[in-house]
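Enquirer: Attaching a single structure in structure tokens format; questions to follow.
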Amino acid sequence: MDIEFITLAWSRDSGYQSAHCLVIDSPEQWINCWQLHTCHAEPPLPAPQVDFTRYSIIAVFAGEKPASEYSVEIMSVEVTGTEEQPSIAITVQHHQPKPGDFVIEMRTYPNHIIKIPKVADRNKVTFNHI
């Protein structure tokens, strides 16, 4: 079963310089994540408000890439497993230029951050990269 999600941020700039996939389920984790993610913004950007009694945040950071044509996108969030043992599968697509494509050489840090209904057990979340 697909789970609807809301995109909070999707860009090619982030303070996360290495790849990370995060499940965030507290205001403290969210503020820390957002501050690092937006550390280059001037003035600092306020973190989107999230009610952590109802929602969790999924954040995917692709790490440093050599050109602007790289990106990362959360394609789907699905409930998998059984009714007694549900889990959540997140499908993440990585885009990169094809050989011969014109590229603008510059360091980028692709990312996608979404809000989903509250995750009961963060250990039952898997990330499938395509």
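Convention: chains lettered A, B, ... in structure tokens order; per-chain residue numbering from 1; ligands numbered from 1 as shown.
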Residues near Glu4 in chain A, anyone? I mean within 9 Å using only C-alpha atoms, not counting same-chain ones fewer than 3 positions away, as a list in words.

Expert: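 The residues that qualify are Ser76, Val77, Glu78, Lys115, Ile116 and Pro117 of chain A.
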
Enquirer: Neighbours of Cys33 in chain A within 9 Å (only C-alpha atoms; same-chain residues fewer than 5 positions away dropped), as a PDB file with N, CA, C and O atoms, in the first residue's frame?

Expert:
```pdb
ATOM      1  N   TYR A  16      25.083  18.526   4.163  1.00  0.00           N
ATOM      2  CA  TYR A  16      25.478  17.114   4.269  1.00  0.00           C
ATOM      3  C   TYR A  16      26.397  16.792   3.095  1.00  0.00           C
ATOM      4  O   TYR A  16      25.955  16.760   1.949  1.00  0.00           O
ATOM      5  N   ILE A  24      13.656  10.606  10.916  1.00  0.00           N
ATOM      6  CA  ILE A  24      13.673  11.598  11.982  1.00  0.00           C
ATOM      7  C   ILE A  24      12.313  11.586  12.671  1.00  0.00           C
ATOM      8  O   ILE A  24      11.279  11.759  12.009  1.00  0.00           O
ATOM      9  N   GLU A  28      14.178  17.509  18.215  1.00  0.00           N
ATOM     10  CA  GLU A  28      15.613  17.728  18.374  1.00  0.00           C
ATOM     11  C   GLU A  28      16.398  17.198  17.172  1.00  0.00           C
ATOM     12  O   GLU A  28      17.290  17.866  16.655  1.00  0.00           O
ATOM     13  N   THR A  38      20.942  23.243   6.013  1.00  0.00           N
ATOM     14  CA  THR A  38      20.851  24.620   5.510  1.00  0.00           C
ATOM     15  C   THR A  38      21.987  25.513   6.002  1.00  0.00           C
ATOM     16  O   THR A  38      21.868  26.741   5.936  1.00  0.00           O
ATOM     17  N   ALA A  59      14.746  11.759   5.285  1.00  0.00           N
ATOM     18  CA  ALA A  59      15.694  12.640   4.599  1.00  0.00           C
ATOM     19  C   ALA A  59      16.740  11.788   3.891  1.00  0.00           C
ATOM     20  O   ALA A  59      17.339  10.902   4.494  1.00  0.00           O
TER      21      ALA A  59
END
```

Enquirer: Can you tell me how far CA of Ser56 in chain A sits from CA of Ile114 in chain A, in Å to one decimal?

Expert: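 The value is 8.5 Å.
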
Enquirer: Do you have the CA of Trp10 in chain A-CA of Asn111 in chain A distance handy?

Expert: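 Computing it gives 5.7 Å between the two atoms.
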
Enquirer: Write out as a PyMOL selection string the residues lying within 12 Å of Trp30 in chain A, counting only C-alpha atoms and excluding same-chain residues fewer than 6 positions away.

Expert: chain A and resi 8+22-24+36-38+46-52+55-59+113-115

Enquirer: Let me see the file: selected residues, N, CA, C and O atoms, as a CSV table (one decimal), in the first residue's frame.

Expert:
```
chain,number,residue,atom,x,y,z
A,8,LEU,N,9.3,18.5,1.8
A,8,LEU,CA,9.6,19.7,2.6
A,8,LEU,C,10.8,20.4,2.0
A,8,LEU,O,11.0,21.6,2.1
A,22,LEU,N,18.0,9.2,6.5
A,22,LEU,CA,17.6,9.4,7.9
A,22,LEU,C,16.1,9.2,8.1
A,22,LEU,O,15.3,9.6,7.3
A,23,VAL,N,15.8,8.6,9.3
A,23,VAL,CA,14.4,8.6,9.7
A,23,VAL,C,14.4,9.5,11.0
A,23,VAL,O,15.1,9.2,11.9
A,24,ILE,N,13.7,10.6,10.9
A,24,ILE,CA,13.7,11.6,12.0
A,24,ILE,C,12.3,11.6,12.7
A,24,ILE,O,11.3,11.8,12.0
A,36,LEU,N,22.2,21.6,9.9
A,36,LEU,CA,23.3,21.1,9.0
A,36,LEU,C,22.9,21.2,7.6
A,36,LEU,O,23.7,21.7,6.7
A,37,HIS,N,21.7,20.8,7.2
A,37,HIS,CA,21.3,20.8,5.8
A,37,HIS,C,21.4,22.2,5.2
A,37,HIS,O,21.8,22.4,4.1
A,38,THR,N,20.9,23.2,6.0
A,38,THR,CA,20.9,24.6,5.5
A,38,THR,C,22.0,25.5,6.0
A,38,THR,O,21.9,26.7,5.9
A,46,PRO,N,14.4,29.0,8.6
A,46,PRO,CA,13.8,28.2,9.7
A,46,PRO,C,13.3,26.9,9.2
A,46,PRO,O,12.9,26.7,8.0
A,47,ALA,N,13.4,25.9,10.1
A,47,ALA,CA,12.9,24.5,9.8
A,47,ALA,C,11.4,24.5,9.6
A,47,ALA,O,10.7,25.2,10.4
A,48,PRO,N,10.9,23.8,8.6
A,48,PRO,CA,9.4,23.7,8.5
A,48,PRO,C,8.9,23.0,9.8
A,48,PRO,O,9.5,22.1,10.4
A,49,GLN,N,7.7,23.5,10.2
A,49,GLN,CA,7.1,23.0,11.4
A,49,GLN,C,6.6,21.6,11.2
A,49,GLN,O,5.9,21.3,10.1
A,50,VAL,N,6.8,20.6,12.1
A,50,VAL,CA,6.3,19.3,12.0
A,50,VAL,C,5.8,18.8,13.4
A,50,VAL,O,6.4,19.0,14.4
A,51,ASP,N,4.6,18.2,13.3
A,51,ASP,CA,4.0,17.7,14.6
A,51,ASP,C,4.5,16.2,14.7
A,51,ASP,O,3.9,15.3,14.0
A,52,PHE,N,5.5,16.0,15.5
A,52,PHE,CA,6.1,14.6,15.6
A,52,PHE,C,5.2,13.6,16.3
A,52,PHE,O,5.5,12.5,16.4
A,55,TYR,N,3.6,12.8,12.6
A,55,TYR,CA,4.5,12.6,11.4
A,55,TYR,C,5.9,12.3,11.8
A,55,TYR,O,6.4,12.5,12.8
A,56,SER,N,6.6,11.7,10.8
A,56,SER,CA,8.0,11.4,10.8
A,56,SER,C,8.6,12.1,9.5
A,56,SER,O,7.9,12.4,8.6
A,57,ILE,N,9.9,12.3,9.6
A,57,ILE,CA,10.6,12.9,8.4
A,57,ILE,C,11.5,11.8,7.9
A,57,ILE,O,12.2,11.2,8.6
A,58,ILE,N,11.6,11.7,6.6
A,58,ILE,CA,12.5,10.9,5.9
A,58,ILE,C,13.4,11.9,5.1
A,58,ILE,O,12.9,12.7,4.3
A,59,ALA,N,14.7,11.8,5.3
A,59,ALA,CA,15.7,12.6,4.6
A,59,ALA,C,16.7,11.8,3.9
A,59,ALA,O,17.3,10.9,4.5
A,113,ILE,N,13.8,15.7,1.1
A,113,ILE,CA,13.3,15.5,2.5
A,113,ILE,C,11.8,15.5,2.4
A,113,ILE,O,11.2,16.5,1.9
A,114,ILE,N,11.2,14.5,3.0
A,114,ILE,CA,9.7,14.4,3.0
A,114,ILE,C,9.2,14.2,4.4
A,114,ILE,O,9.9,13.8,5.3
A,115,LYS,N,7.9,14.4,4.5
A,115,LYS,CA,7.1,14.2,5.7
A,115,LYS,C,6.1,13.1,5.4
A,115,LYS,O,5.4,13.1,4.4
```

Enquirer: Between CA of Ala67 in chain A and CA of Ile130 in chain A, what is the distance, to one decimal in Å?

Expert: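 So the two atoms, CA of Ala67 in chain A and CA of Ile130 in chain A, lie 19.2 Å apart.
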
Enquirer: Write out as an MDAnalysis selection string all residues of chain A that DSSP puts in strand (DSSP E or B) for this structure's backbone.

Expert: chainID A and resid 2 6:11 19:24 55:62 65:67 71:81 86:95 105:108 111:117 125:129

Enquirer: Taking the DSSP secondary structure from the backbone, can you list the residues of range 22-123 of chain A that are helix (DSSP H, G or I), as a list of chain:residue names?

Expert: A:Pro27, A:Glu28, A:Gln29, A:Trp30, A:Ile31, A:Asn32, A:Cys33, A:Trp34, A:Gln35, A:Leu36, A:His37, A:Arg122, A:Asn123

Enquirer: Which one of A:Gln35, A:Gln96, A:Ser87, A:Thr53 sits closest to Glu73 in chain A if you count only C-alpha atoms?

Expert: A:Gln96

Enquirer: With only C-alpha atoms as the atoms that count, which of A:Ile88, A:Ala19, A:Cys39, A:Met106 lies nearest to Glu69 in chain A?

Expert: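 Among A:Ile88, A:Ala19, A:Cys39, A:Met106, it is A:Met106 that comes nearest to Glu69 in chain A.
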
Enquirer: Compare A:Lys98, A:Arg107, A:Pro44, A:Met75 by their minimum atom-to-atom distance to Thr7 in chain A, counting only C-alpha atoms, and give me the closest one.

Expert: A:Met75

Enquirer: Between A:Val79, A:Val119, A:Ile74, A:Ala9, single out the one closest to His95 in chain A, counting only C-alpha atoms.

Expert: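 With only C-alpha atoms as the atom set, the closest residue is A:Ile74.
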